[in-house]
file my_file04.pdb (PDB, C-alpha atoms)
ATOM      1  CA  MET R  29     -32.578 -72.526  19.354
ATOM      2  CA  LYS R  30     -29.518 -74.077  17.755
ATOM      3  CA  HIS R  31     -27.461 -76.678  19.581
ATOM      4  CA  THR R  32     -23.925 -77.725  18.695
ATOM      5  CA  LEU R  33     -23.238 -81.372  19.477
ATOM      6  CA  SER R  34     -19.801 -82.934  19.664
ATOM      7  CA  VAL R  35     -20.206 -86.638  18.926
ATOM      8  CA  LEU R  36     -17.278 -89.027  19.309
ATOM      9  CA  VAL R  37     -17.737 -92.124  17.149
ATOM     10  CA  ASP R  38     -15.796 -95.161  16.023
ATOM     11  CA  ASN R  39     -13.885 -94.339  12.848
ATOM     12  CA  LYS R  40     -15.508 -97.037  10.722
ATOM     13  CA  PRO R  41     -17.348 -97.134   7.381
ATOM     14  CA  GLY R  42     -21.092 -96.531   7.614
ATOM     15  CA  VAL R  43     -21.137 -94.583  10.892
ATOM     16  CA  LEU R  44     -21.962 -91.277   9.191
ATOM     17  CA  THR R  45     -24.820 -92.929   7.296
ATOM     18  CA  ARG R  46     -26.295 -94.336  10.518
ATOM     19  CA  VAL R  47     -26.070 -90.996  12.314
ATOM     20  CA  ALA R  48     -27.598 -89.062   9.395
ATOM     21  CA  GLY R  49     -30.311 -91.713   9.071
ATOM     22  CA  LEU R  50     -31.235 -91.283  12.723
ATOM     23  CA  PHE R  51     -31.877 -87.567  12.149
ATOM     24  CA  SER R  52     -33.814 -88.259   8.961
ATOM     25  CA  ARG R  53     -36.073 -90.898  10.531
ATOM     26  CA  ARG R  54     -36.932 -88.574  13.420
ATOM     27  CA  GLY R  55     -37.636 -85.635  11.101
ATOM     28  CA  TYR R  56     -34.824 -83.482  12.519
ATOM     29  CA  ASN R  57     -32.769 -81.355  10.174
ATOM     30  CA  ILE R  58     -28.982 -81.248  10.435
ATOM     31  CA  GLU R  59     -28.100 -77.593   9.869
ATOM     32  CA  SER R  60     -24.353 -78.202   9.801
ATOM     33  CA  LEU R  61     -22.170 -81.296   9.880
ATOM     34  CA  ALA R  62     -18.392 -81.607  10.008
ATOM     35  CA  VAL R  63     -16.538 -84.871  10.561
ATOM     36  CA  GLY R  64     -12.857 -85.454  11.135
ATOM     37  CA  ILE R  65     -10.463 -87.853  12.733
ATOM     38  CA  THR R  66      -9.263 -87.108  16.277
ATOM     39  CA  ASP R  67      -5.816 -87.550  17.805
ATOM     40  CA  ASN R  68      -6.776 -91.236  18.049
ATOM     41  CA  PRO R  69      -7.038 -92.688  14.500
ATOM     42  CA  GLU R  70      -9.752 -95.107  15.665
ATOM     43  CA  ILE R  71     -12.090 -92.261  16.696
ATOM     44  CA  SER R  72     -13.746 -89.485  14.696
ATOM     45  CA  ARG R  73     -15.488 -86.363  15.969
ATOM     46  CA  MET R  74     -18.736 -85.213  14.405
ATOM     47  CA  THR R  75     -19.754 -81.632  15.047
ATOM     48  CA  ILE R  76     -23.488 -81.456  14.391
ATOM     49  CA  VAL R  77     -25.651 -78.340  14.577
ATOM     50  CA  VAL R  78     -29.342 -79.048  15.094
ATOM     51  CA  ALA R  79     -32.198 -76.604  15.684
ATOM     52  CA  GLY R  80     -34.778 -77.307  18.346
ATOM     53  CA  ASP R  81     -35.796 -76.814  21.928
ATOM     54  CA  ASP R  82     -34.452 -78.718  24.930
ATOM     55  CA  HIS R  83     -36.874 -81.591  24.244
ATOM     56  CA  VAL R  84     -35.461 -82.040  20.721
ATOM     57  CA  LEU R  85     -31.912 -81.926  22.107
ATOM     58  CA  GLU R  86     -32.773 -84.562  24.710
ATOM     59  CA  GLN R  87     -34.372 -86.857  22.123
ATOM     60  CA  VAL R  88     -31.476 -86.507  19.680
ATOM     61  CA  THR R  89     -28.934 -87.162  22.434
ATOM     62  CA  LYS R  90     -30.788 -90.260  23.659
ATOM     63  CA  GLN R  91     -31.122 -91.648  20.132
ATOM     64  CA  LEU R  92     -27.459 -90.986  19.311
ATOM     65  CA  ASN R  93     -26.356 -92.716  22.518
ATOM     66  CA  LYS R  94     -28.289 -95.839  21.429
ATOM     67  CA  LEU R  95     -26.126 -96.237  18.313
ATOM     68  CA  ILE R  96     -23.404 -98.836  18.832
ATOM     69  CA  ASP R  97     -20.641 -96.780  17.170
ATOM     70  CA  VAL R  98     -21.332 -93.639  19.237
ATOM     71  CA  ILE R  99     -18.877 -93.263  22.108
ATOM     72  CA  ARG R 100     -20.006 -89.964  23.625
ATOM     73  CA  VAL R 101     -22.402 -87.084  22.889
ATOM     74  CA  SER R 102     -21.791 -83.609  24.342
ATOM     75  CA  ASP R 103     -23.806 -80.416  23.927
ATOM     76  CA  LEU R 104     -21.294 -77.575  23.548
ATOM     77  CA  ALA R 105     -22.612 -74.558  25.447
ATOM     78  CA  PRO R 106     -22.016 -71.321  23.497
ATOM     79  CA  ASP R 107     -20.452 -69.540  26.485
ATOM     80  CA  GLU R 108     -18.063 -72.445  27.179
ATOM     81  CA  SER R 109     -16.937 -73.164  23.624
ATOM     82  CA  PHE R 110     -15.836 -71.466  20.428
ATOM     83  CA  GLU R 111     -16.654 -72.195  16.809
ATOM     84  CA  ARG R 112     -15.217 -71.655  13.360
ATOM     85  CA  GLU R 113     -16.229 -72.219   9.751
ATOM     86  CA  LEU R 114     -14.294 -71.926   6.505
ATOM     87  CA  ALA R 115     -15.691 -70.399   3.341
ATOM     88  CA  LEU R 116     -14.263 -70.006  -0.151
ATOM     89  CA  PHE R 117     -15.671 -67.319  -2.457
ATOM     90  CA  LYS R 118     -14.840 -67.129  -6.165
ATOM     91  CA  VAL R 119     -15.393 -63.477  -7.056
ATOM     92  CA  LYS R 120     -15.354 -61.608 -10.382
ATOM     93  CA  VAL R 121     -12.622 -58.974 -10.606
ATOM     94  CA  ASP R 122     -11.518 -56.329 -13.043
ATOM     95  CA  LYS R 123      -8.843 -53.648 -12.852
ATOM     96  CA  GLY R 124     -11.174 -51.287 -10.999
ATOM     97  CA  SER R 125     -12.450 -53.727  -8.398
ATOM     98  CA  ARG R 126      -9.282 -55.676  -7.582
ATOM     99  CA  SER R 127      -7.975 -53.154  -5.026
ATOM    100  CA  GLU R 128     -11.405 -52.803  -3.385
ATOM    101  CA  ILE R 129     -11.686 -56.578  -2.981
ATOM    102  CA  LEU R 130      -8.155 -56.712  -1.537
ATOM    103  CA  ALA R 131      -9.185 -54.061   1.019
ATOM    104  CA  ILE R 132     -12.226 -56.140   2.068
ATOM    105  CA  VAL R 133     -10.043 -59.242   2.354
ATOM    106  CA  ASP R 134      -7.615 -57.309   4.576
ATOM    107  CA  VAL R 135     -10.347 -55.969   6.884
ATOM    108  CA  PHE R 136     -11.760 -59.472   7.434
ATOM    109  CA  ARG R 137      -8.294 -61.058   7.847
ATOM    110  CA  ALA R 138      -9.149 -63.329   4.950
ATOM    111  CA  GLN R 139      -6.760 -64.563   2.266
ATOM    112  CA  ILE R 140      -6.600 -64.561  -1.491
ATOM    113  CA  VAL R 141      -5.801 -68.204  -2.291
ATOM    114  CA  ASP R 142      -6.073 -68.077  -6.096
ATOM    115  CA  VAL R 143      -5.769 -65.286  -8.649
ATOM    116  CA  GLY R 144      -6.940 -65.396 -12.233
ATOM    117  CA  LEU R 145      -7.380 -62.775 -14.935
ATOM    118  CA  LYS R 146     -11.092 -62.360 -14.182
ATOM    119  CA  THR R 147     -11.517 -63.997 -10.751
ATOM    120  CA  VAL R 148     -10.006 -64.315  -7.304
ATOM    121  CA  VAL R 149     -10.731 -66.938  -4.669
ATOM    122  CA  VAL R 150     -11.080 -65.592  -1.149
ATOM    123  CA  ALA R 151     -10.712 -67.899   1.882
ATOM    124  CA  VAL R 152     -12.099 -66.748   5.217
ATOM    125  CA  THR R 153     -12.401 -68.469   8.577
ATOM    126  CA  GLY R 154     -14.486 -67.359  11.519
ATOM    127  CA  THR R 155     -17.954 -67.431  12.948
ATOM    128  CA  GLY R 156     -21.000 -67.760  10.753
ATOM    129  CA  ASP R 157     -21.714 -64.039  11.290
ATOM    130  CA  LYS R 158     -18.264 -63.049  10.018
ATOM    131  CA  ILE R 159     -18.639 -65.238   6.942
ATOM    132  CA  TYR R 160     -22.104 -63.824   6.243
ATOM    133  CA  ALA R 161     -20.761 -60.256   6.565
ATOM    134  CA  ILE R 162     -17.930 -60.712   4.040
ATOM    135  CA  GLU R 163     -20.313 -62.572   1.725
ATOM    136  CA  LYS R 164     -22.681 -59.587   1.691
ATOM    137  CA  LEU R 165     -19.821 -57.258   0.711
ATOM    138  CA  LEU R 166     -18.422 -59.565  -1.956
ATOM    139  CA  HIS R 167     -21.864 -59.987  -3.564
ATOM    140  CA  ASN R 168     -21.515 -56.399  -4.831
ATOM    141  CA  TYR R 169     -18.640 -57.568  -7.058
ATOM    142  CA  GLY R 170     -20.290 -60.761  -8.302
ATOM    143  CA  ILE R 171     -19.783 -64.027  -6.486
ATOM    144  CA  ILE R 172     -19.469 -66.867  -8.982
ATOM    145  CA  GLU R 173     -19.238 -69.722  -6.496
ATOM    146  CA  ILE R 174     -19.377 -70.296  -2.729
ATOM    147  CA  VAL R 175     -18.156 -73.324  -0.777
ATOM    148  CA  ARG R 176     -18.604 -73.522   3.012
ATOM    149  CA  THR R 177     -17.638 -76.066   5.598
ATOM    150  CA  GLY R 178     -19.848 -76.978   8.476
ATOM    151  CA  LYS R 179     -19.216 -75.523  11.893
ATOM    152  CA  ILE R 180     -16.468 -77.009  14.003
ATOM    153  CA  ALA R 181     -16.417 -76.285  17.720
ATOM    154  CA  MET R 182     -14.379 -77.011  20.825
ATOM    155  CA  ASN R 183     -14.712 -76.327  24.546
ATOM    156  CA  ARG R 184     -12.691 -73.438  25.952
ATOM    157  CA  GLY R 185      -9.959 -73.828  28.559
ATOM    158  CA  GLU R 186      -9.423 -77.034  30.470
ATOM    159  CA  LYS R 187     -12.840 -78.547  29.680
ATOM    160  CA  VAL R 188     -12.381 -81.392  27.174
ATOM    161  CA  VAL R 189     -14.793 -83.731  25.414
ATOM    162  CA  LYS R 190     -13.133 -87.039  26.227
ATOM    163  CA  ILE R 191     -13.836 -90.706  25.960
ATOM    164  CA  SER R 192     -14.953 -91.966  29.338
TER     165      SER R 192
END
call {"tool": "encode", "arguments": {"input": "my_file04.pdb", "output": "structure tokens"}}
result
Amino acid sequence: MKHTLSVLVDNKPGVLTRVAGLFSRRGYNIESLAVGITDNPEISRMTIVVAGDDHVLEQVTKQLNKLIDVIRVSDLAPDESFERELALFKVKVDKGSRSEILAIVDVFRAQIVDVGLKTVVVAVTGTGDKIYAIEKLLHNYGIIEIVRTGKIAMNRGEKVVKIS
């Protein structure tokens, strides 16, 4: 089972290294990692996706809470939160395929962010499933390069991951 953790940390050099090192030392794999500053410039939010059962989640949470720079760790329940990723696809195009690729982009509510004579760059945001689906379709035209962000996630409604 995959767990999405929202980890509030001090926005200081070396914090990411310490967090990643904790996972490495314990033999846990980080499946996705996104880090960004919050509304408070002294605090960053790490969104970490880790695979494992409830025991793994408990161990990771306990170990993270022991780190000095960690302020709070929250497990984001799938039914109480939403997630997004961003992907960029550089795709081969020719006169015959350009309109077909534009139709795919339209269906997925993606965007063409760069156009060249022989390539286009498609940007798409959404769930991992949505990104995988458009990737499968674009592979038929020849994907030259793919760049993906890690998952970012947030609680729905009034529930907020706050500093306590």
call {"tool": "closest_residue", "arguments": {"input": "my_file04.pdb", "among": "R:Lys118, R:Arg184, R:His167, R:Arg176", "to": "Thr153 (chain R)", "atoms": "only C-alpha atoms"}}
result
R:Arg176
call {"tool": "resolve_selection", "arguments": {"input": "my_file04.pdb", "expression": "the PyMOL selection byres ((chain R and resi 87-100) around 8)", "output": "list of chain:residue names"}}
result
R:Val35, R:Leu36, R:Val37, R:Asp38, R:Val43, R:Val47, R:Leu50, R:Phe51, R:His83, R:Val84, R:Leu85, R:Glu86, R:Val101, R:Ser102, R:Lys190, R:Ile191, R:Ser192
call {"tool": "residues_around", "arguments": {"input": "my_file04.pdb", "residues": "Leu114 (chain R)", "least_positions_apart": "2", "cutoff": "12 Å", "atoms": "only C-alpha atoms", "output": "list in words"}}
result
Ala62, Glu111, Arg112, Leu116, Phe117, Ala138, Gln139, Val150, Ala151, Val152, Thr153, Gly154, Thr155, Gly156, Asp157, Lys158, Ile159, Tyr160, Ile174, Val175, Arg176, Thr177, Gly178, Lys179 and Ile180 of chain R
call {"tool": "axis_aligned_box", "arguments": {"input": "my_file04.pdb", "around": "region 124-134 of chain R", "padding_each_side": "6 Å", "output": "JSON"}}
result
{"center_x": -10.0, "center_y": -55.3, "center_z": -3.2, "size_x": 16.8, "size_y": 20.0, "size_z": 27.6}
call {"tool": "atom_distance", "arguments": {"input": "my_file04.pdb", "atom1": "CA of Ala181 (chain R)", "atom2": "CA of Ser52 (chain R)"}}
result
22.9 Å
call {"tool": "decode", "arguments": {"input": "my_file04.pdb", "residues": "region 141-153 of chain R", "atoms": "N, CA and C atoms", "output": "mmCIF file, in the first residue's frame"}}
result
data_model
loop_
_atom_site.group_PDB
_atom_site.id
_atom_site.type_symbol
_atom_site.label_atom_id
_atom_site.label_comp_id
_atom_site.auth_asym_id
_atom_site.auth_seq_id
_atom_site.Cartn_x
_atom_site.Cartn_y
_atom_site.Cartn_z
ATOM 1 N N VAL R 141 3.124 23.484 -24.743
ATOM 2 C CA VAL R 141 3.894 24.593 -24.171
ATOM 3 C C VAL R 141 5.094 24.977 -25.026
ATOM 4 N N ASP R 142 5.403 24.165 -26.047
ATOM 5 C CA ASP R 142 6.486 24.504 -26.972
ATOM 6 C C ASP R 142 6.225 23.787 -28.290
ATOM 7 N N VAL R 143 6.476 24.498 -29.387
ATOM 8 C CA VAL R 143 6.272 23.926 -30.717
ATOM 9 C C VAL R 143 7.542 24.119 -31.524
ATOM 10 N N GLY R 144 8.006 23.026 -32.115
ATOM 11 C CA GLY R 144 9.138 23.073 -33.016
ATOM 12 C C GLY R 144 8.734 22.476 -34.347
ATOM 13 N N LEU R 145 9.670 22.440 -35.294
ATOM 14 C CA LEU R 145 9.361 21.871 -36.603
ATOM 15 C C LEU R 145 9.084 20.367 -36.520
ATOM 16 N N LYS R 146 9.813 19.678 -35.632
ATOM 17 C CA LYS R 146 9.677 18.223 -35.553
ATOM 18 C C LYS R 146 9.233 17.718 -34.187
ATOM 19 N N THR R 147 8.972 18.634 -33.237
ATOM 20 C CA THR R 147 8.557 18.225 -31.894
ATOM 21 C C THR R 147 7.543 19.207 -31.314
ATOM 22 N N VAL R 148 6.783 18.709 -30.349
ATOM 23 C CA VAL R 148 5.969 19.556 -29.488
ATOM 24 C C VAL R 148 6.222 19.100 -28.056
ATOM 25 N N VAL R 149 6.056 20.027 -27.122
ATOM 26 C CA VAL R 149 6.140 19.677 -25.706
ATOM 27 C C VAL R 149 4.740 19.822 -25.124
ATOM 28 N N VAL R 150 4.272 18.739 -24.542
ATOM 29 C CA VAL R 150 2.944 18.673 -23.943
ATOM 30 C C VAL R 150 3.098 18.721 -22.424
ATOM 31 N N ALA R 151 2.338 19.603 -21.771
ATOM 32 C CA ALA R 151 2.309 19.676 -20.305
ATOM 33 C C ALA R 151 0.940 19.194 -19.848
ATOM 34 N N VAL R 152 0.935 18.301 -18.874
ATOM 35 C CA VAL R 152 -0.322 17.787 -18.335
ATOM 36 C C VAL R 152 -0.225 17.700 -16.818
ATOM 37 N N THR R 153 -1.293 18.085 -16.143
ATOM 38 C CA THR R 153 -1.373 17.937 -14.700
ATOM 39 C C THR R 153 -2.545 17.029 -14.378
#
